[in-house]
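One structure below.
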Amino acid sequence: MANEGEVLSAKDGRKFEVHCRAVDAGELCVGAESVSVKVGQRLRRDGGEEIWHSVGVYAKEEDDGTLVVQVLVFNPDWDEGRQIALIKSRPTDKRMGIPTLTFDFNQMHEEIA
């Protein structure tokens, strides 16, 4: 695995960083231009057990250079996911006084970004 300091370095130009630890399975720490992560959990439905992806985290760069991380939750009883968080940054905007990160916690029905 790469040195964590290297992965977290902003010098390499990657837009996002992911650090994932799955106990008994391994660890992943990488930088990336975009990210899609799903977390599933076991549930009982229709008389059987299954793994349902209940949370999704999607990160991408918008056309204007804004970096966006979208967090969606999913329920088998819903037709589509619900956005529970939208986090934005503008690392290339050098103006003073603009927020480093902006957060929107308004729930929205969303399709995957």
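Identifiers in the structure tokens: chain A, B, ... in order shown; residue index from 1 per chain; ligand index from 1 in order shown.
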Give the helix (DSSP H, G or I) residues of chain A, as assigned by DSSP on the backbone, as a VMD selection string. chain A and resid 4 to 8 10 to 12
Quick one: residues within 6 Å of region 26-34 of chain A, only C-alpha atoms counted, chain neighbours fewer than 3 positions away excluded, as a PyMOL selection string? chain A and resi 7+14-22+59-60
Measure the distance from CA of Leu67 (chain A) to CA of Val37 (chain A) in Å and round it to one decimal. 16.1 Å
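Nearest residue to Thr92 (chain A), choosing from A:Asp79, A:Gly13, A:Gly40, A:Asp46 and counting only C-alpha atoms: A:Gly13.
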Would you list, as a VMD selection string, the residues of region 63-108 of chain A that end up in strand (DSSP E or B) under DSSP run on this structure's backbone? chain A and resid 67 to 73 81 to 89 102 to 104 108
Residues of the last selection are to be written out with N, CA and C atoms, as a PDB file, in the first residue's frame.
```pdb
ATOM      1  N   LEU A  67     -16.020  20.721  -7.018  1.00  0.00           N
ATOM      2  CA  LEU A  67     -15.976  19.318  -6.612  1.00  0.00           C
ATOM      3  C   LEU A  67     -17.182  19.039  -5.737  1.00  0.00           C
ATOM      4  N   VAL A  68     -17.902  17.972  -6.045  1.00  0.00           N
ATOM      5  CA  VAL A  68     -19.167  17.661  -5.380  1.00  0.00           C
ATOM      6  C   VAL A  68     -19.122  16.241  -4.830  1.00  0.00           C
ATOM      7  N   VAL A  69     -19.512  16.100  -3.556  1.00  0.00           N
ATOM      8  CA  VAL A  69     -19.712  14.796  -2.945  1.00  0.00           C
ATOM      9  C   VAL A  69     -21.188  14.704  -2.584  1.00  0.00           C
ATOM     10  N   GLN A  70     -21.855  13.701  -3.121  1.00  0.00           N
ATOM     11  CA  GLN A  70     -23.289  13.504  -2.917  1.00  0.00           C
ATOM     12  C   GLN A  70     -23.482  12.218  -2.109  1.00  0.00           C
ATOM     13  N   VAL A  71     -24.281  12.304  -1.042  1.00  0.00           N
ATOM     14  CA  VAL A  71     -24.575  11.136  -0.205  1.00  0.00           C
ATOM     15  C   VAL A  71     -26.053  10.803  -0.364  1.00  0.00           C
ATOM     16  N   LEU A  72     -26.320   9.576  -0.800  1.00  0.00           N
ATOM     17  CA  LEU A  72     -27.693   9.110  -0.998  1.00  0.00           C
ATOM     18  C   LEU A  72     -27.967   7.917  -0.102  1.00  0.00           C
ATOM     19  N   VAL A  73     -29.212   7.803   0.350  1.00  0.00           N
ATOM     20  CA  VAL A  73     -29.649   6.613   1.074  1.00  0.00           C
ATOM     21  C   VAL A  73     -30.735   5.927   0.247  1.00  0.00           C
ATOM     22  N   GLY A  81     -33.449   6.763  -4.681  1.00  0.00           N
ATOM     23  CA  GLY A  81     -32.696   7.165  -3.501  1.00  0.00           C
ATOM     24  C   GLY A  81     -33.067   8.558  -3.028  1.00  0.00           C
ATOM     25  N   ARG A  82     -32.642   8.872  -1.807  1.00  0.00           N
ATOM     26  CA  ARG A  82     -32.857  10.207  -1.239  1.00  0.00           C
ATOM     27  C   ARG A  82     -31.504  10.809  -0.901  1.00  0.00           C
ATOM     28  N   GLN A  83     -31.279  11.979  -1.435  1.00  0.00           N
ATOM     29  CA  GLN A  83     -30.049  12.690  -1.117  1.00  0.00           C
ATOM     30  C   GLN A  83     -30.154  13.240   0.298  1.00  0.00           C
ATOM     31  N   ILE A  84     -29.168  12.939   1.134  1.00  0.00           N
ATOM     32  CA  ILE A  84     -29.176  13.473   2.501  1.00  0.00           C
ATOM     33  C   ILE A  84     -28.063  14.481   2.726  1.00  0.00           C
ATOM     34  N   ALA A  85     -27.105  14.547   1.811  1.00  0.00           N
ATOM     35  CA  ALA A  85     -26.039  15.539   1.940  1.00  0.00           C
ATOM     36  C   ALA A  85     -25.431  15.819   0.576  1.00  0.00           C
ATOM     37  N   LEU A  86     -25.087  17.083   0.369  1.00  0.00           N
ATOM     38  CA  LEU A  86     -24.378  17.521  -0.822  1.00  0.00           C
ATOM     39  C   LEU A  86     -23.269  18.452  -0.332  1.00  0.00           C
ATOM     40  N   ILE A  87     -22.031  18.079  -0.579  1.00  0.00           N
ATOM     41  CA  ILE A  87     -20.880  18.813  -0.066  1.00  0.00           C
ATOM     42  C   ILE A  87     -20.080  19.308  -1.266  1.00  0.00           C
ATOM     43  N   LYS A  88     -19.790  20.606  -1.287  1.00  0.00           N
ATOM     44  CA  LYS A  88     -19.090  21.193  -2.427  1.00  0.00           C
ATOM     45  C   LYS A  88     -17.836  21.938  -1.985  1.00  0.00           C
ATOM     46  N   SER A  89     -16.844  21.929  -2.869  1.00  0.00           N
ATOM     47  CA  SER A  89     -15.649  22.748  -2.684  1.00  0.00           C
ATOM     48  C   SER A  89     -15.223  23.291  -4.042  1.00  0.00           C
ATOM     49  N   THR A 102     -19.006  23.831   1.391  1.00  0.00           N
ATOM     50  CA  THR A 102     -20.404  24.170   1.643  1.00  0.00           C
ATOM     51  C   THR A 102     -21.180  22.866   1.783  1.00  0.00           C
ATOM     52  N   PHE A 103     -22.157  22.880   2.676  1.00  0.00           N
ATOM     53  CA  PHE A 103     -22.951  21.700   2.971  1.00  0.00           C
ATOM     54  C   PHE A 103     -24.424  22.003   2.747  1.00  0.00           C
ATOM     55  N   ASP A 104     -25.117  21.069   2.092  1.00  0.00           N
ATOM     56  CA  ASP A 104     -26.562  21.152   1.911  1.00  0.00           C
ATOM     57  C   ASP A 104     -27.137  19.857   2.458  1.00  0.00           C
ATOM     58  N   MET A 108     -33.588  15.293  -0.644  1.00  0.00           N
ATOM     59  CA  MET A 108     -34.149  15.355  -1.990  1.00  0.00           C
ATOM     60  C   MET A 108     -34.249  13.936  -2.536  1.00  0.00           C
TER      61      MET A 108
END
```
Considering only C-alpha atoms, return as a PyMOL selection string whatever protein or nucleic-acid residues lie within 10 Å of Val39 (chain A), sequence-local ones (same chain, fewer than 3 positions apart) excluded. chain A and resi 51-57+73
Go ahead and save the picked residues with C-alpha atoms, as a PDB file, in the first residue's frame.
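The file below, result-v3.pdb, is the result:
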```pdb
ATOM      1  CA  ILE A  51     -27.509  -7.508   0.919  1.00  0.00           C
ATOM      2  CA  TRP A  52     -29.108  -4.136   0.202  1.00  0.00           C
ATOM      3  CA  HIS A  53     -27.011  -1.128  -0.765  1.00  0.00           C
ATOM      4  CA  SER A  54     -28.430   1.381   1.702  1.00  0.00           C
ATOM      5  CA  VAL A  55     -25.851   4.188   1.316  1.00  0.00           C
ATOM      6  CA  GLY A  56     -24.077   5.549  -1.728  1.00  0.00           C
ATOM      7  CA  VAL A  57     -21.371   8.190  -1.864  1.00  0.00           C
ATOM      8  CA  VAL A  73     -29.649   6.613   1.074  1.00  0.00           C
TER       9      VAL A  73
END
```
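Between CA of Thr100 (chain A) and CA of Thr66 (chain A) the separation is 11.4 Å.
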